[in-house]
$ cat start_30.txt   # compact mmCIF, C-alpha atoms and all ligand atoms
# COMPACT_ATOMS: atom_id res chain seq x y z
CA MET K 820 4.63 4.97 -23.93
CA SER K 821 5.81 4.37 -20.37
CA ILE K 822 4.26 4.32 -16.92
CA LEU K 823 5.82 6.34 -14.10
CA VAL K 824 5.64 4.31 -10.87
CA THR K 825 6.53 6.11 -7.63
CA GLY K 826 7.44 4.10 -4.53
CA VAL K 827 8.83 1.43 -6.85
CA ALA K 828 11.10 -0.05 -4.15
CA GLY K 829 8.12 -0.34 -1.81
CA PHE K 830 6.07 -3.43 -1.11
CA ILE K 831 3.14 -2.80 -3.47
CA GLY K 832 5.30 -0.78 -5.89
CA MET K 833 7.72 -3.65 -6.54
CA HIS K 834 4.94 -6.21 -7.10
CA ALA K 835 2.92 -3.83 -9.31
CA THR K 836 5.99 -2.97 -11.38
CA ALA K 837 6.93 -6.63 -11.85
CA ALA K 838 3.39 -7.29 -13.10
CA LEU K 839 3.50 -4.30 -15.47
CA LEU K 840 6.86 -5.38 -16.89
CA ALA K 841 5.58 -8.94 -17.28
CA ARG K 842 2.80 -7.71 -19.53
CA GLY K 843 5.30 -5.80 -21.67
CA GLU K 844 4.94 -2.24 -20.34
CA ALA K 845 7.88 0.12 -19.96
CA VAL K 846 8.22 1.51 -16.42
CA ILE K 847 10.19 4.44 -15.05
CA GLY K 848 10.38 3.82 -11.30
CA ILE K 849 11.10 6.45 -8.64
CA ASP K 850 11.96 5.93 -4.99
CA ASN K 851 14.11 7.75 -2.44
CA LEU K 852 14.85 4.52 -0.48
CA ASP K 853 14.18 6.36 2.77
CA GLY K 854 14.98 4.89 6.16
CA TYR K 855 11.45 4.54 7.59
CA TYR K 856 12.19 0.83 7.50
CA ASP K 857 15.30 -1.10 6.54
CA PRO K 858 16.45 0.12 3.10
CA VAL K 859 18.17 -3.26 2.63
CA LEU K 860 14.71 -4.72 1.99
CA LYS K 861 13.94 -1.91 -0.49
CA ARG K 862 17.21 -2.55 -2.32
CA ALA K 863 16.49 -6.28 -2.41
CA ARG K 864 13.10 -5.57 -3.97
CA LEU K 865 14.73 -3.25 -6.51
CA ALA K 866 17.27 -5.94 -7.36
CA ARG K 867 14.36 -8.08 -8.56
CA LEU K 868 13.40 -5.37 -11.04
CA ASN K 869 16.78 -4.06 -12.17
CA GLY K 870 17.80 -5.62 -15.43
CA LEU K 871 14.27 -6.60 -16.46
CA PRO K 872 13.47 -5.37 -19.98
CA GLY K 873 11.64 -2.03 -19.92
CA PHE K 874 12.67 -0.96 -16.41
CA THR K 875 14.49 2.26 -15.52
CA PHE K 876 15.11 3.39 -11.93
CA LEU K 877 15.56 6.98 -10.80
CA ARG K 878 16.43 7.73 -7.22
CA ALA K 879 14.46 10.86 -6.37
CA ASP K 880 12.49 12.42 -3.53
CA ILE K 881 8.94 13.27 -4.61
CA ALA K 882 8.80 16.04 -1.98
CA ASP K 883 11.80 17.81 -3.52
CA ASP K 884 10.06 20.42 -5.70
CA GLU K 885 13.07 21.27 -7.82
CA ALA K 886 14.07 17.67 -8.44
CA MET K 887 10.50 16.86 -9.45
CA ASP K 888 10.27 19.86 -11.77
CA ARG K 889 13.55 18.79 -13.42
CA LEU K 890 12.55 15.14 -13.94
CA ARG K 891 12.95 13.94 -17.50
CA LEU K 892 10.02 11.69 -18.19
CA ASP K 893 10.12 11.15 -21.92
CA GLY K 894 7.29 8.96 -23.13
CA VAL K 895 5.43 8.85 -19.80
CA ASP K 896 1.69 8.73 -20.45
CA ARG K 897 0.32 7.22 -17.20
CA ILE K 898 1.30 7.55 -13.55
CA LEU K 899 0.96 5.01 -10.75
CA HIS K 900 1.73 7.02 -7.64
CA LEU K 901 2.40 4.73 -4.67
CA ALA K 902 5.21 6.55 -2.85
CA ALA K 903 4.14 7.76 0.57
CA GLN K 904 5.03 7.91 4.19
CA ALA K 905 3.00 4.85 5.17
CA GLY K 906 2.05 3.57 8.62
CA VAL K 907 -0.73 4.74 10.93
CA ARG K 908 1.16 4.54 14.20
CA TYR K 909 4.31 6.39 13.12
CA SER K 910 2.14 9.38 12.16
CA LEU K 911 1.70 10.10 15.86
CA GLU K 912 5.49 10.23 16.28
CA ASN K 913 6.57 12.08 13.15
CA PRO K 914 3.61 13.96 11.66
CA ARG K 915 5.79 16.20 9.49
CA ALA K 916 7.08 13.24 7.48
CA TYR K 917 3.46 12.64 6.38
CA VAL K 918 2.81 16.21 5.31
CA ARG K 919 6.07 16.21 3.37
CA ALA K 920 5.71 12.94 1.44
CA ASN K 921 1.93 12.65 1.28
CA ILE K 922 0.87 16.28 0.77
CA ALA K 923 3.83 18.11 -0.82
CA GLY K 924 4.92 14.92 -2.64
CA HIS K 925 1.40 14.18 -3.87
CA LEU K 926 1.04 17.74 -5.16
CA ASN K 927 4.32 17.36 -7.07
CA LEU K 928 2.96 14.25 -8.79
CA LEU K 929 -0.28 16.04 -9.66
CA GLU K 930 1.86 18.79 -11.17
CA VAL K 931 3.77 16.22 -13.24
CA ALA K 932 0.43 14.83 -14.41
CA ARG K 933 -0.81 18.31 -15.33
CA ARG K 934 2.39 19.37 -17.10
CA ARG K 935 2.70 16.17 -19.09
CA GLY K 936 -1.01 15.93 -19.85
CA VAL K 937 -1.03 12.25 -18.84
CA SER K 938 -3.96 10.10 -19.85
CA HIS K 939 -4.42 8.56 -16.38
CA PHE K 940 -3.23 9.33 -12.84
CA VAL K 941 -3.68 6.40 -10.43
CA TYR K 942 -2.66 6.80 -6.78
CA ALA K 943 -2.73 5.00 -3.45
CA SER K 944 -5.21 6.11 -0.86
CA SER K 945 -6.07 3.99 2.18
CA SER K 946 -8.93 2.28 4.00
CA SER K 947 -7.94 4.41 6.99
CA VAL K 948 -9.81 7.39 5.45
CA TYR K 949 -13.05 5.77 6.70
CA GLY K 950 -12.03 6.11 10.36
CA ASN K 951 -14.60 4.28 12.48
CA SER K 952 -17.23 5.20 9.88
CA SER K 953 -19.53 2.23 10.46
CA ALA K 954 -19.52 -1.52 10.77
CA GLY K 955 -19.91 -3.75 7.73
CA PRO K 956 -18.64 -3.41 4.19
CA LEU K 957 -17.93 0.20 3.28
CA THR K 958 -18.67 1.64 -0.13
CA ALA K 959 -16.48 4.44 -1.47
CA ASP K 960 -19.21 6.99 -0.78
CA ALA K 961 -19.32 6.18 2.97
CA PRO K 962 -18.36 9.14 5.19
CA ALA K 963 -14.59 9.76 5.15
CA ASP K 964 -14.37 13.06 6.98
CA ARG K 965 -13.41 11.91 10.47
CA PRO K 966 -9.83 10.60 10.19
CA LEU K 967 -8.38 9.05 13.35
CA SER K 968 -4.72 9.59 12.42
CA LEU K 969 -2.71 12.16 10.51
CA TYR K 970 -1.82 9.40 8.05
CA ALA K 971 -5.52 9.03 7.23
CA ALA K 972 -5.94 12.80 7.04
CA THR K 973 -3.12 13.11 4.48
CA LYS K 974 -4.55 10.28 2.36
CA ARG K 975 -7.98 11.94 2.39
CA ALA K 976 -6.31 15.24 1.47
CA ASP K 977 -4.68 13.45 -1.49
CA GLU K 978 -8.13 12.42 -2.71
CA LEU K 979 -9.43 15.99 -2.43
CA MET K 980 -6.38 17.49 -4.14
CA THR K 981 -6.75 14.97 -6.96
CA GLU K 982 -10.46 15.76 -7.30
CA CYS K 983 -9.51 19.40 -7.75
CA TYR K 984 -6.76 18.74 -10.33
CA ALA K 985 -8.85 16.27 -12.33
CA HIS K 986 -11.61 18.89 -12.44
CA LEU K 987 -9.34 21.82 -13.32
CA TYR K 988 -7.11 20.10 -15.85
CA GLY K 989 -9.40 17.39 -17.16
CA PHE K 990 -7.30 14.25 -16.68
CA ARG K 991 -8.61 10.84 -15.70
CA ALA K 992 -7.69 9.99 -12.10
CA THR K 993 -8.27 6.94 -9.91
CA GLY K 994 -7.71 6.64 -6.16
CA LEU K 995 -7.25 3.18 -4.64
CA ARG K 996 -8.18 2.68 -1.01
CA TYR K 997 -6.05 -0.34 -0.16
CA PHE K 998 -7.12 -2.51 2.77
CA THR K 999 -4.22 -4.07 4.79
CA VAL K 1000 -2.11 -5.57 2.02
CA TYR K 1001 0.14 -8.50 3.02
CA GLY K 1002 2.29 -11.12 1.33
CA PRO K 1003 5.87 -11.90 0.27
CA TRP K 1004 8.21 -8.89 0.43
CA GLY K 1005 5.82 -7.25 2.92
CA ARG K 1006 6.57 -4.26 5.09
CA PRO K 1007 8.42 -4.95 8.35
CA ASP K 1008 6.27 -2.42 10.26
CA MET K 1009 3.07 -4.39 9.57
CA ALA K 1010 1.49 -7.16 11.64
CA PRO K 1011 2.47 -10.23 9.57
CA THR K 1012 6.22 -9.49 9.79
CA LEU K 1013 6.09 -8.12 13.35
CA PHE K 1014 4.16 -11.20 14.47
CA ALA K 1015 6.26 -13.71 12.49
CA ARG K 1016 9.49 -12.32 13.89
CA ALA K 1017 8.28 -12.50 17.49
CA MET K 1018 6.61 -15.90 17.08
CA LEU K 1019 9.73 -17.51 15.60
CA ALA K 1020 11.87 -15.99 18.36
CA GLY K 1021 9.51 -17.30 21.06
CA GLU K 1022 8.65 -13.77 22.11
CA PRO K 1023 5.16 -12.45 22.85
CA ILE K 1024 3.21 -10.56 20.20
CA ARG K 1025 1.39 -7.39 21.21
CA VAL K 1026 -2.31 -7.64 20.36
CA PHE K 1027 -4.21 -4.39 20.73
CA ASN K 1028 -7.75 -3.75 21.98
CA GLN K 1029 -7.57 -7.16 23.74
CA GLY K 1030 -7.71 -8.79 20.27
CA GLN K 1031 -11.11 -7.24 19.49
CA LEU K 1032 -10.06 -5.89 16.08
CA ALA K 1033 -10.91 -7.04 12.58
CA ARG K 1034 -9.20 -6.30 9.29
CA ASP K 1035 -9.93 -6.87 5.66
CA PHE K 1036 -6.61 -8.51 4.67
CA THR K 1037 -5.72 -8.28 0.98
CA PHE K 1038 -3.12 -10.58 -0.55
CA VAL K 1039 -0.62 -8.56 -2.54
CA GLU K 1040 -1.28 -10.39 -5.82
CA ASP K 1041 -4.94 -9.49 -5.55
CA ALA K 1042 -4.07 -5.87 -4.71
CA VAL K 1043 -1.82 -5.78 -7.78
CA SER K 1044 -4.48 -7.24 -10.07
CA GLY K 1045 -6.87 -4.54 -8.81
CA THR K 1046 -4.21 -1.87 -9.35
CA LEU K 1047 -3.51 -2.92 -12.93
CA GLY K 1048 -7.25 -3.23 -13.58
CA ALA K 1049 -7.72 0.32 -12.30
CA LEU K 1050 -4.86 1.56 -14.47
CA ASP K 1051 -6.68 0.15 -17.51
CA ARG K 1052 -9.99 1.67 -16.45
CA GLN K 1053 -11.83 3.60 -19.14
CA GLY K 1054 -14.09 6.55 -18.46
CA ASP K 1055 -13.46 10.14 -17.48
CA GLY K 1056 -13.09 12.05 -14.25
CA HIS K 1057 -11.86 11.11 -10.81
CA ARG K 1058 -13.10 7.92 -9.16
CA VAL K 1059 -12.14 6.22 -5.90
CA TYR K 1060 -12.31 2.44 -5.38
CA ASN K 1061 -11.82 0.03 -2.51
CA ILE K 1062 -9.12 -2.58 -3.03
CA GLY K 1063 -9.79 -5.15 -0.30
CA ASN K 1064 -10.66 -8.79 0.00
CA GLY K 1065 -14.27 -8.07 0.92
CA ARG K 1066 -14.36 -9.69 4.37
CA ALA K 1067 -13.37 -8.61 7.88
CA GLU K 1068 -11.18 -11.25 9.55
CA PRO K 1069 -11.09 -11.18 13.35
CA LEU K 1070 -7.48 -10.51 14.35
CA MET K 1071 -7.34 -13.69 16.45
CA ARG K 1072 -8.32 -15.78 13.43
CA PHE K 1073 -5.53 -14.11 11.46
CA ILE K 1074 -3.07 -15.00 14.26
CA HIS K 1075 -4.20 -18.65 14.26
CA ALA K 1076 -3.77 -18.83 10.46
CA LEU K 1077 -0.27 -17.36 10.81
CA GLU K 1078 0.54 -19.91 13.55
CA ALA K 1079 -0.50 -22.68 11.16
CA ALA K 1080 1.54 -21.17 8.31
CA LEU K 1081 4.68 -20.85 10.43
CA GLY K 1082 4.18 -24.09 12.35
CA THR K 1083 4.60 -22.39 15.69
CA ARG K 1084 2.50 -20.89 18.47
CA ALA K 1085 2.02 -17.26 19.39
CA LEU K 1086 2.50 -15.98 22.93
CA ILE K 1087 -0.12 -13.28 23.21
CA ASP K 1088 0.35 -10.04 25.15
CA LEU K 1089 -3.07 -8.37 25.23
CA GLN K 1090 -2.90 -4.59 25.15
CA PRO K 1091 -5.45 -1.75 25.22
CA MET K 1092 -6.59 0.03 22.05
CA GLN K 1093 -3.91 2.15 20.39
CA PRO K 1094 -4.61 5.76 19.50
CA GLY K 1095 -5.07 6.21 15.74
CA ASP K 1096 -6.27 2.64 15.10
CA VAL K 1097 -9.70 1.73 13.79
CA LEU K 1098 -11.75 -1.18 15.15
CA GLU K 1099 -12.69 -2.89 11.93
CA THR K 1100 -12.11 -2.52 8.22
CA CYS K 1101 -14.20 -4.23 5.57
CA ALA K 1102 -14.36 -3.25 1.91
CA ASP K 1103 -17.34 -3.28 -0.37
CA ILE K 1104 -15.52 -4.14 -3.61
CA GLY K 1105 -18.61 -4.14 -5.86
CA ASP K 1106 -17.65 -0.96 -7.71
CA ALA K 1107 -14.15 -2.21 -8.57
CA ALA K 1108 -15.66 -5.56 -9.66
CA ARG K 1109 -18.14 -3.85 -11.97
CA GLN K 1110 -15.80 -1.18 -13.36
CA PHE K 1111 -12.67 -3.20 -14.01
CA GLY K 1112 -13.38 -6.80 -13.08
CA TYR K 1113 -11.60 -6.79 -9.72
CA ALA K 1114 -11.98 -10.27 -8.21
CA PRO K 1115 -9.66 -11.10 -5.28
CA GLN K 1116 -8.95 -14.83 -5.07
CA THR K 1117 -6.81 -15.38 -1.99
CA THR K 1118 -8.00 -16.21 1.53
CA ILE K 1119 -5.66 -15.72 4.50
CA ASP K 1120 -5.36 -19.52 4.73
CA GLU K 1121 -3.83 -19.49 1.24
CA GLY K 1122 -1.95 -16.19 1.42
CA LEU K 1123 -0.27 -16.56 4.82
CA PRO K 1124 1.62 -19.78 3.92
CA ARG K 1125 3.04 -17.93 0.90
CA PHE K 1126 4.03 -15.03 3.13
CA ALA K 1127 5.57 -17.47 5.66
CA SER K 1128 7.72 -19.28 3.10
CA TRP K 1129 9.02 -15.98 1.75
CA TYR K 1130 9.67 -14.79 5.32
CA ARG K 1131 11.73 -17.88 6.14
CA ALA K 1132 13.71 -17.66 2.91
CA TYR K 1133 14.39 -13.92 3.10
CA TYR K 1134 15.21 -13.69 6.79
CA GLY K 1135 17.00 -17.03 6.79
CA VAL K 1136 14.87 -18.63 9.51
CA THR K 1137 15.06 -22.35 9.26
CA SER K 1138 14.47 -23.67 12.76
CA GLN K 1139 11.18 -23.51 14.60
CA LYS K 1140 11.25 -21.99 18.02
CA GLY K 1141 8.63 -20.66 20.35
CA GLY K 1142 5.99 -22.09 22.62
N1 LIG Z 1 0.48 -1.92 2.45
C1 LIG Z 1 -0.77 -1.58 2.85
O1 LIG Z 1 -1.45 -2.33 3.54
C2 LIG Z 1 -1.37 -0.26 2.44
C3 LIG Z 1 -2.67 0.03 2.88
C4 LIG Z 1 -3.24 1.25 2.52
C5 LIG Z 1 -2.55 2.13 1.73
N2 LIG Z 1 -1.27 1.85 1.32
C6 LIG Z 1 -0.58 2.83 0.50
O2 LIG Z 1 -0.05 2.18 -0.64
C7 LIG Z 1 1.18 2.77 -1.02
C8 LIG Z 1 2.28 1.72 -1.06
O3 LIG Z 1 2.37 1.15 0.25
P1 LIG Z 1 3.46 0.07 0.62
O4 LIG Z 1 2.86 -0.83 1.63
O5 LIG Z 1 4.06 -0.50 -0.61
O6 LIG Z 1 4.51 0.99 1.39
P2 LIG Z 1 6.11 1.06 1.29
O7 LIG Z 1 6.54 1.96 2.42
O8 LIG Z 1 6.67 -0.32 1.23
O9 LIG Z 1 6.35 1.77 -0.10
C9 LIG Z 1 6.40 3.16 -0.25
C10 LIG Z 1 7.69 3.51 -0.98
O10 LIG Z 1 7.69 4.93 -1.18
C11 LIG Z 1 9.01 5.39 -0.97
N3 LIG Z 1 8.93 6.78 -0.56
C12 LIG Z 1 8.49 7.30 0.61
N4 LIG Z 1 8.63 8.63 0.63
C13 LIG Z 1 9.18 8.97 -0.57
C14 LIG Z 1 9.60 10.20 -1.14
N5 LIG Z 1 9.45 11.36 -0.45
N6 LIG Z 1 10.12 10.19 -2.38
C15 LIG Z 1 10.27 9.02 -3.07
N7 LIG Z 1 9.92 7.83 -2.57
C16 LIG Z 1 9.37 7.80 -1.33
C17 LIG Z 1 9.58 4.51 0.13
O11 LIG Z 1 11.00 4.47 0.10
C18 LIG Z 1 8.95 3.16 -0.19
O12 LIG Z 1 9.81 2.36 -0.96
C19 LIG Z 1 1.44 3.89 -0.02
O13 LIG Z 1 0.93 5.09 -0.58
C20 LIG Z 1 0.61 3.47 1.18
O14 LIG Z 1 0.25 4.60 1.95
C21 LIG Z 1 -0.66 0.67 1.65

$ encode --input "start_30.txt" --output "C-alpha cells" --more "lines below"
Ligand SMILES: NC(=O)c1ccc[n+]([C@@H]2O[C@H](COP(=O)([O-])OP(=O)(O)OC[C@H]3O[C@@H](n4cnc5c(N)ncnc54)[C@H](O)[C@@H]3O)[C@@H](O)[C@H]2O)c1
Amino acid sequence: MSILVTGVAGFIGMHATAALLARGEAVIGIDNLDGYYDPVLKRARLARLNGLPGFTFLRADIADDEAMDRLRLDGVDRILHLAAQAGVRYSLENPRAYVRANIAGHLNLLEVARRRGVSHFVYASSSSVYGNSSAGPLTADAPADRPLSLYAATKRADELMTECYAHLYGFRATGLRYFTVYGPWGRPDMAPTLFARAMLAGEPIRVFNQGQLARDFTFVEDAVSGTLGALDRQGDGHRVYNIGNGRAEPLMRFIHALEAALGTRALIDLQPMQPGDVLETCADIGDAARQFGYAPQTTIDEGLPRFASWYRAYYGVTSQKGG
C-alpha cells in the first residue's frame, strides 16, 4: 500500500515524505513545481527524495480535472494532501490562484479519495482560519467563520468540503491547522528567510504592526511528527487538529533569536499592520496530544540555529555582514 502525497516538492511535503520513506512507506508524490516561489528550491528538495527506495514522483497540477481523473494510483490507500497556493499576503494580489489550487484542487483530491475508497484522507488547513478569533490558545472548536484573507477562506472551505465528503462517502479524514512552520528548506516568502536574507545583506527588515505581533512558531520536524501521527490516527469521521508549538512568541523575541542564530543584527523598519494579517496565533495542542501523542520538542532558540545553518549552506552565505 502507498501514500499519495501532494505538494511533495514543497517545504512540509518534502520533510513529511522523507520521514514516511524513512519508516519504510511507499510514497507517490505529486507537485506541479509552480513559480509562486523559486522552483529551483522545489527541485532541490525533490532531489533529496528522488532515488530513495519507495519514492515515485509525478508532475501534475491538482487543479487540472482531466489530469487528476486520469491519474494512475495503483496501491494508494491513504492521502496526505499538502499542495496549495500558500501565503496570506499574496492572496490579496492573486485571489484566483487560491480558488484554483485550494478549492478546485482540493475537490479533485476529495474525488480521488472517494473513487479509490481510501482509508484516510489527511490535508493541510491553516491557523489563519481562526482570524482574530480571540487571544490565548485556540482549540479547534473556536470560531473560524471570520477569515481575514482569501487564503484563510479557502482553507476553511477545504475543511467544510471535507466534512461533507467524509459524511457522504464515509472515509476517515483529518485536517491539520498548521501554525507558522519554519526550519531548514523553508519557504522564501516567509519571515525567517525574508529576514535572514535582509539581515545578512545589511538591509532593513520590515516589521509590521510596529512589531506588536505574536506567532506560534512550529519547527518543521515537530510539524512532521504531528502529521505522521495524524496519518496513523485511528477512529472514524472527520476531525481537525492544531499543529503548533503551543506558545505565542512575540515577533521581536523571534527576531532577537534569529539575530543570535545568524550572528548578526537586524535593522528594523517598523511598518503599520498589513491587511489580511492576524495579531496573534497560539495553538491549543491538547487534542492532538491526546489523540495521537503529538508532543512538539523544539523551541525557537533550538530551531532557528538549525534553520540558520541550512540557510548559510543552501544560499552559500559565508561572511557576516550587517549592522
Ligand atoms: N508553512 C506553513 O507555515 C504553513 C502554515 C499553515 C498551513 N500551511 C499549509 O501546508 C501546506 C504545505 O505548505 P508549505 O509551507 O510546504 O508550502 P509550499 O508552497 O512550500 O508547498 C506547497 C507545494 O504545493 C505545490 N502546488 C501548489 N499548487 C499546486 C497545484 N495546483 N498542483 C500541484 N502542486 C501544487 C507547490 O509547487 C509546492 O511545492 C499548504 O497547504 C499550506 O497552505 C503551511

$ atom_distance --input "start_30.txt" --atom1 "atom CA of K:Tyr1113" --atom2 "atom CA of K:Tyr997"
12.8 Å

$ closest_residue --input "start_30.txt" --among "K:Met887, K:Arg919, K:Leu1123, K:Arg842" --to "K:Thr1012" --atoms "only C-alpha atoms"
K:Leu1123

$ atom_distance --input "start_30.txt" --atom1 "atom CA of K:Gly936" --atom2 "atom CA of K:Tyr984"
11.5 Å

$ residues_near_ligand --input "start_30.txt" --ligand "ligand LIG 1 (chain Z)" --cutoff "6 Å" --atoms "all atoms listed in the file" --output "PyMOL selection string"
chain K and resi 826+828-832+850-853+861+879-882+901-905+920+943-946+997-1000+1006

$ closest_residue --input "start_30.txt" --among "K:Arg1058, K:Arg1131, K:Arg1052, K:Arg1034" --to "K:Gln1110" --atoms "all atoms listed in the file"
K:Arg1052

$ residues_around --input "start_30.txt" --residues "stretch 1053-1056 of chain K" --least-positions-apart "5" --cutoff "9 Å" --atoms "all atoms listed in the file" --output "VMD selection string"
chain K and resid 982 985 to 986 989 to 993 1110 to 1111

$ write_last_selection --input "start_30.txt" --atoms "C-alpha atoms" --output "PDB file, in the coordinates of the input"
ATOM      1  CA  GLU K 982     -10.460  15.760  -7.300  1.00  0.00           C
ATOM      2  CA  ALA K 985      -8.850  16.270 -12.330  1.00  0.00           C
ATOM      3  CA  HIS K 986     -11.610  18.890 -12.440  1.00  0.00           C
ATOM      4  CA  GLY K 989      -9.400  17.390 -17.160  1.00  0.00           C
ATOM      5  CA  PHE K 990      -7.300  14.250 -16.680  1.00  0.00           C
ATOM      6  CA  ARG K 991      -8.610  10.840 -15.700  1.00  0.00           C
ATOM      7  CA  ALA K 992      -7.690   9.990 -12.100  1.00  0.00           C
ATOM      8  CA  THR K 993      -8.270   6.940  -9.910  1.00  0.00           C
ATOM      9  CA  GLN K1110     -15.800  -1.180 -13.360  1.00  0.00           C
ATOM     10  CA  PHE K1111     -12.670  -3.200 -14.010  1.00  0.00           C
TER      11      PHE K1111
END
